[in-house]
Amino acid sequence: MKDIATRLHNEKNQWLASQVEGGYPTKESLKGRDLYLGAISSCYLEPFEVPSDSVSNVEWHLVDFHRLTIMFALLHSKRWANDEHQQLIVEFLTQIIVEPGHALYVGFEHGEVSAAAMVTTERETVLISDIALCGDWNEANVSTSIASLLQNAQIATNSQVWLEKR
């Protein structure tokens with residue numbers, strides 16, 4: 001299963017990188033892609049066990065129009081400390097053309113964007129990547145948020161779930 005998850009991870013990264021290759025990419029989107037690719041070079045995959053007692057108020061929505069793509073990009077950019085880098089990441093990620101094979105999700109709490117993630121699946125293997133959370137970034141919050149995403153996205157409980165970690 002890890003072989004499938006690793007392949008999904010590589011395919012996801014190639015797909016994201018290719019989002020700025022067609023047409024006339026801006027210099028900023030190319031720089032954002034380079035920043036993104038540099039950051040994911042240190043990522044690793046870890047199996048995820050859904051906690052039995054997780055309770056979350058996050059309401060997840062599949063990104064199916066550009067406004068949600070922008071929300072995904074803005075939240076994800078907060079993972080970079082430098083304002084200039086954040087702007088470049090937004091420029092890169094807002095170029096994403098939604099595709100079923102790499103589903104983007106944005107989570108809301110009390111009407112505010114609070115979480116974002118990408119879900120890539122193949123049969124019973126699920127990769128959750130590009131996880132971004134508002135507020136306290138700790139294992140408990142990540143675990144609870146991902147558990148709620150799996151439930152909201154109706155991902156089968158018999159799936160082997162892998163998380164991309166940095």
# chains A, B, ... in the order shown; residues from 1 in each chain; ligands from 1
$ select_by_dssp --residues "stretch 17-155 of chain A" --states "helix (DSSP H, G or I)" --output "MDAnalysis selection string"
chainID A and resid 17:18 27:40 66:77 83:93 139:152
$ residues_around --residues "A:Tyr36" --least-positions-apart "6" --cutoff "10 Å" --atoms "only C-alpha atoms" --output "ChimeraX atom specification"
/A:13,16-17,30,77,80,85,88-89,92-93
$ write_last_selection --atoms "C-alpha atoms" --output "PDB file, in the first residue's frame"
ATOM      1  CA  ASN A  13       3.243  16.661  -7.239  1.00  0.00           C
ATOM      2  CA  LEU A  16       0.429  20.404  -9.429  1.00  0.00           C
ATOM      3  CA  ALA A  17       3.744  21.417 -11.011  1.00  0.00           C
ATOM      4  CA  LEU A  30       6.675  29.880 -11.818  1.00  0.00           C
ATOM      5  CA  SER A  77       0.105  30.109   1.589  1.00  0.00           C
ATOM      6  CA  TRP A  80       5.181  30.179   4.413  1.00  0.00           C
ATOM      7  CA  HIS A  85       6.639  33.833  -0.612  1.00  0.00           C
ATOM      8  CA  LEU A  88       4.028  33.640  -4.913  1.00  0.00           C
ATOM      9  CA  ILE A  89       2.373  30.497  -3.519  1.00  0.00           C
ATOM     10  CA  PHE A  92       0.918  29.359  -8.182  1.00  0.00           C
ATOM     11  CA  LEU A  93      -1.983  27.591  -6.465  1.00  0.00           C
TER      12      LEU A  93
END
$ residues_around --residues "A:Ala103" --least-positions-apart "4" --cutoff "8 Å" --atoms "only C-alpha atoms" --output "short mmCIF file (atom, residue, chain, number, x, y, z; two decimals) with N, CA, C and O atoms, in the first residue's frame"
data_model
loop_
_atom_site.label_atom_id
_atom_site.label_comp_id
_atom_site.auth_asym_id
_atom_site.auth_seq_id
_atom_site.Cartn_x
_atom_site.Cartn_y
_atom_site.Cartn_z
N LEU A 62 -16.04 20.43 -1.27
CA LEU A 62 -15.22 20.11 -2.43
C LEU A 62 -15.02 21.39 -3.23
O LEU A 62 -15.98 22.12 -3.50
N VAL A 63 -13.79 21.66 -3.61
CA VAL A 63 -13.49 22.84 -4.43
C VAL A 63 -13.97 22.53 -5.84
O VAL A 63 -13.41 21.67 -6.51
N VAL A 98 -9.38 22.50 -11.48
CA VAL A 98 -9.96 21.41 -10.68
C VAL A 98 -10.09 20.16 -11.54
O VAL A 98 -10.52 20.20 -12.69
N GLU A 99 -9.70 19.05 -10.94
CA GLU A 99 -9.73 17.75 -11.62
C GLU A 99 -10.15 16.68 -10.61
O GLU A 99 -9.64 16.67 -9.49
N MET A 118 -5.87 18.27 0.10
CA MET A 118 -6.08 17.63 -1.19
C MET A 118 -6.23 16.14 -0.95
O MET A 118 -5.52 15.56 -0.11
N VAL A 119 -7.15 15.51 -1.68
CA VAL A 119 -7.40 14.08 -1.55
C VAL A 119 -7.16 13.43 -2.91
O VAL A 119 -7.77 13.81 -3.90
N THR A 120 -6.26 12.46 -2.92
CA THR A 120 -5.97 11.69 -4.13
C THR A 120 -6.21 10.22 -3.78
O THR A 120 -5.73 9.74 -2.76
#
$ atom_distance --atom1 "atom CA of A:Ser54" --atom2 "atom CA of A:Thr144"
5.3 Å
$ select_by_dssp --residues "chain A" --states "strand (DSSP E)" --output "PyMOL selection string"
chain A and resi 44-48+59-62+103-109+112-122+125-133+160-165
$ atom_distance --atom1 "atom CA of A:Ile96" --atom2 "atom CA of A:Ile128"
17.1 Å
$ closest_residue --among "A:Val20, A:Leu8, A:Val113, A:Ala147" --to "A:Met71" --atoms "only C-alpha atoms"
A:Val113
$ residues_around --residues "A:Leu104" --least-positions-apart "2" --cutoff "12 Å" --atoms "only C-alpha atoms" --output "compact mmCIF listing (two decimals) with N, CA and C atoms, in the first residue's frame"
# COMPACT_ATOMS: atom_id res chain seq x y z
N LYS A 12 0.63 13.40 -7.80
CA LYS A 12 0.02 14.65 -7.34
C LYS A 12 0.99 15.80 -7.50
N LEU A 16 0.41 19.03 -9.91
CA LEU A 16 0.43 20.40 -9.43
C LEU A 16 1.47 21.23 -10.17
N TRP A 60 -16.67 20.60 5.53
CA TRP A 60 -15.81 20.51 4.35
C TRP A 60 -16.60 20.66 3.06
N HIS A 61 -15.98 21.35 2.10
CA HIS A 61 -16.60 21.54 0.78
C HIS A 61 -15.59 21.19 -0.30
N LEU A 62 -16.04 20.43 -1.27
CA LEU A 62 -15.22 20.11 -2.43
C LEU A 62 -15.02 21.39 -3.23
N VAL A 63 -13.79 21.66 -3.61
CA VAL A 63 -13.49 22.84 -4.43
C VAL A 63 -13.97 22.53 -5.84
N ASP A 64 -15.00 23.25 -6.25
CA ASP A 64 -15.55 23.02 -7.58
C ASP A 64 -15.76 24.32 -8.36
N PHE A 65 -15.24 25.42 -7.83
CA PHE A 65 -15.24 26.67 -8.58
C PHE A 65 -14.08 27.54 -8.08
N HIS A 66 -13.75 28.55 -8.87
CA HIS A 66 -12.50 29.29 -8.65
C HIS A 66 -12.43 30.00 -7.30
N LEU A 68 -13.40 29.02 -4.40
CA LEU A 68 -12.89 28.08 -3.40
C LEU A 68 -11.42 27.74 -3.66
N THR A 69 -11.00 27.75 -4.92
CA THR A 69 -9.57 27.55 -5.22
C THR A 69 -8.75 28.66 -4.60
N ILE A 70 -9.25 29.87 -4.69
CA ILE A 70 -8.56 31.02 -4.09
C ILE A 70 -8.48 30.86 -2.58
N MET A 71 -9.56 30.43 -1.96
CA MET A 71 -9.55 30.21 -0.50
C MET A 71 -8.54 29.13 -0.13
N PHE A 72 -8.50 28.04 -0.92
CA PHE A 72 -7.51 26.98 -0.71
C PHE A 72 -6.10 27.57 -0.78
N ALA A 73 -5.83 28.36 -1.81
CA ALA A 73 -4.50 28.94 -2.02
C ALA A 73 -4.12 29.90 -0.90
N HIS A 76 -3.42 27.89 2.30
CA HIS A 76 -2.19 27.10 2.13
C HIS A 76 -0.95 27.99 2.16
N LEU A 93 -0.86 28.48 -6.77
CA LEU A 93 -1.98 27.59 -6.46
C LEU A 93 -3.30 28.05 -7.08
N THR A 94 -3.45 29.34 -7.35
CA THR A 94 -4.70 29.79 -7.98
C THR A 94 -4.76 29.41 -9.46
N ILE A 96 -4.57 26.35 -10.38
CA ILE A 96 -5.08 24.98 -10.39
C ILE A 96 -6.39 24.91 -11.16
N ILE A 97 -6.45 23.97 -12.07
CA ILE A 97 -7.69 23.65 -12.76
C ILE A 97 -8.22 22.38 -12.10
N VAL A 98 -9.38 22.50 -11.48
CA VAL A 98 -9.96 21.41 -10.68
C VAL A 98 -10.09 20.16 -11.54
N GLU A 99 -9.70 19.05 -10.94
CA GLU A 99 -9.73 17.75 -11.62
C GLU A 99 -10.15 16.68 -10.61
N PRO A 100 -11.04 15.78 -10.99
CA PRO A 100 -11.53 14.77 -10.03
C PRO A 100 -10.43 13.90 -9.42
N GLY A 101 -9.37 13.63 -10.14
CA GLY A 101 -8.31 12.76 -9.62
C GLY A 101 -7.53 13.36 -8.47
N HIS A 102 -7.59 14.68 -8.34
CA HIS A 102 -6.88 15.39 -7.27
C HIS A 102 -7.87 16.39 -6.67
N VAL A 106 -11.93 22.54 1.07
CA VAL A 106 -11.78 23.67 1.98
C VAL A 106 -12.77 23.45 3.11
N GLY A 107 -12.28 23.62 4.34
CA GLY A 107 -13.12 23.44 5.52
C GLY A 107 -13.46 24.77 6.16
N ALA A 115 -9.57 25.22 7.25
CA ALA A 115 -8.74 24.07 6.88
C ALA A 115 -8.78 23.88 5.37
N ALA A 116 -7.74 23.23 4.87
CA ALA A 116 -7.68 22.89 3.44
C ALA A 116 -6.85 21.62 3.30
N ALA A 117 -7.18 20.85 2.28
CA ALA A 117 -6.42 19.62 2.01
C ALA A 117 -6.73 19.14 0.60
N MET A 118 -5.87 18.27 0.10
CA MET A 118 -6.08 17.63 -1.19
C MET A 118 -6.23 16.14 -0.95
N VAL A 119 -7.15 15.51 -1.68
CA VAL A 119 -7.40 14.08 -1.55
C VAL A 119 -7.16 13.43 -2.91
N THR A 120 -6.26 12.46 -2.92
CA THR A 120 -5.97 11.69 -4.13
C THR A 120 -6.21 10.22 -3.78
N THR A 121 -6.99 9.55 -4.61
CA THR A 121 -7.35 8.16 -4.30
C THR A 121 -7.09 7.23 -5.47
N LEU A 127 -4.61 9.29 -0.30
CA LEU A 127 -3.54 10.19 0.11
C LEU A 127 -4.17 11.53 0.46
N ILE A 128 -3.95 12.00 1.68
CA ILE A 128 -4.37 13.33 2.10
C ILE A 128 -3.10 14.17 2.16
N SER A 129 -3.07 15.22 1.33
CA SER A 129 -1.86 16.04 1.24
C SER A 129 -2.22 17.51 1.30
N ASP A 130 -1.19 18.32 1.29
CA ASP A 130 -1.36 19.78 1.26
C ASP A 130 -2.33 20.25 2.34
N ILE A 131 -2.12 19.71 3.53
CA ILE A 131 -2.98 20.02 4.67
C ILE A 131 -2.59 21.39 5.23
N ALA A 132 -3.57 22.23 5.39
CA ALA A 132 -3.35 23.55 5.99
C ALA A 132 -4.46 23.79 7.00
N LEU A 149 -12.76 15.33 7.54
CA LEU A 149 -12.71 15.36 6.08
C LEU A 149 -13.08 14.00 5.50
N ALA A 153 -16.28 13.67 3.19
CA ALA A 153 -16.04 13.28 1.80
C ALA A 153 -16.53 11.86 1.52
$ closest_residue --among "A:Asp136, A:Glu112, A:Glu49, A:Asp3" --to "A:Ser159" --atoms "only C-alpha atoms"
A:Glu49
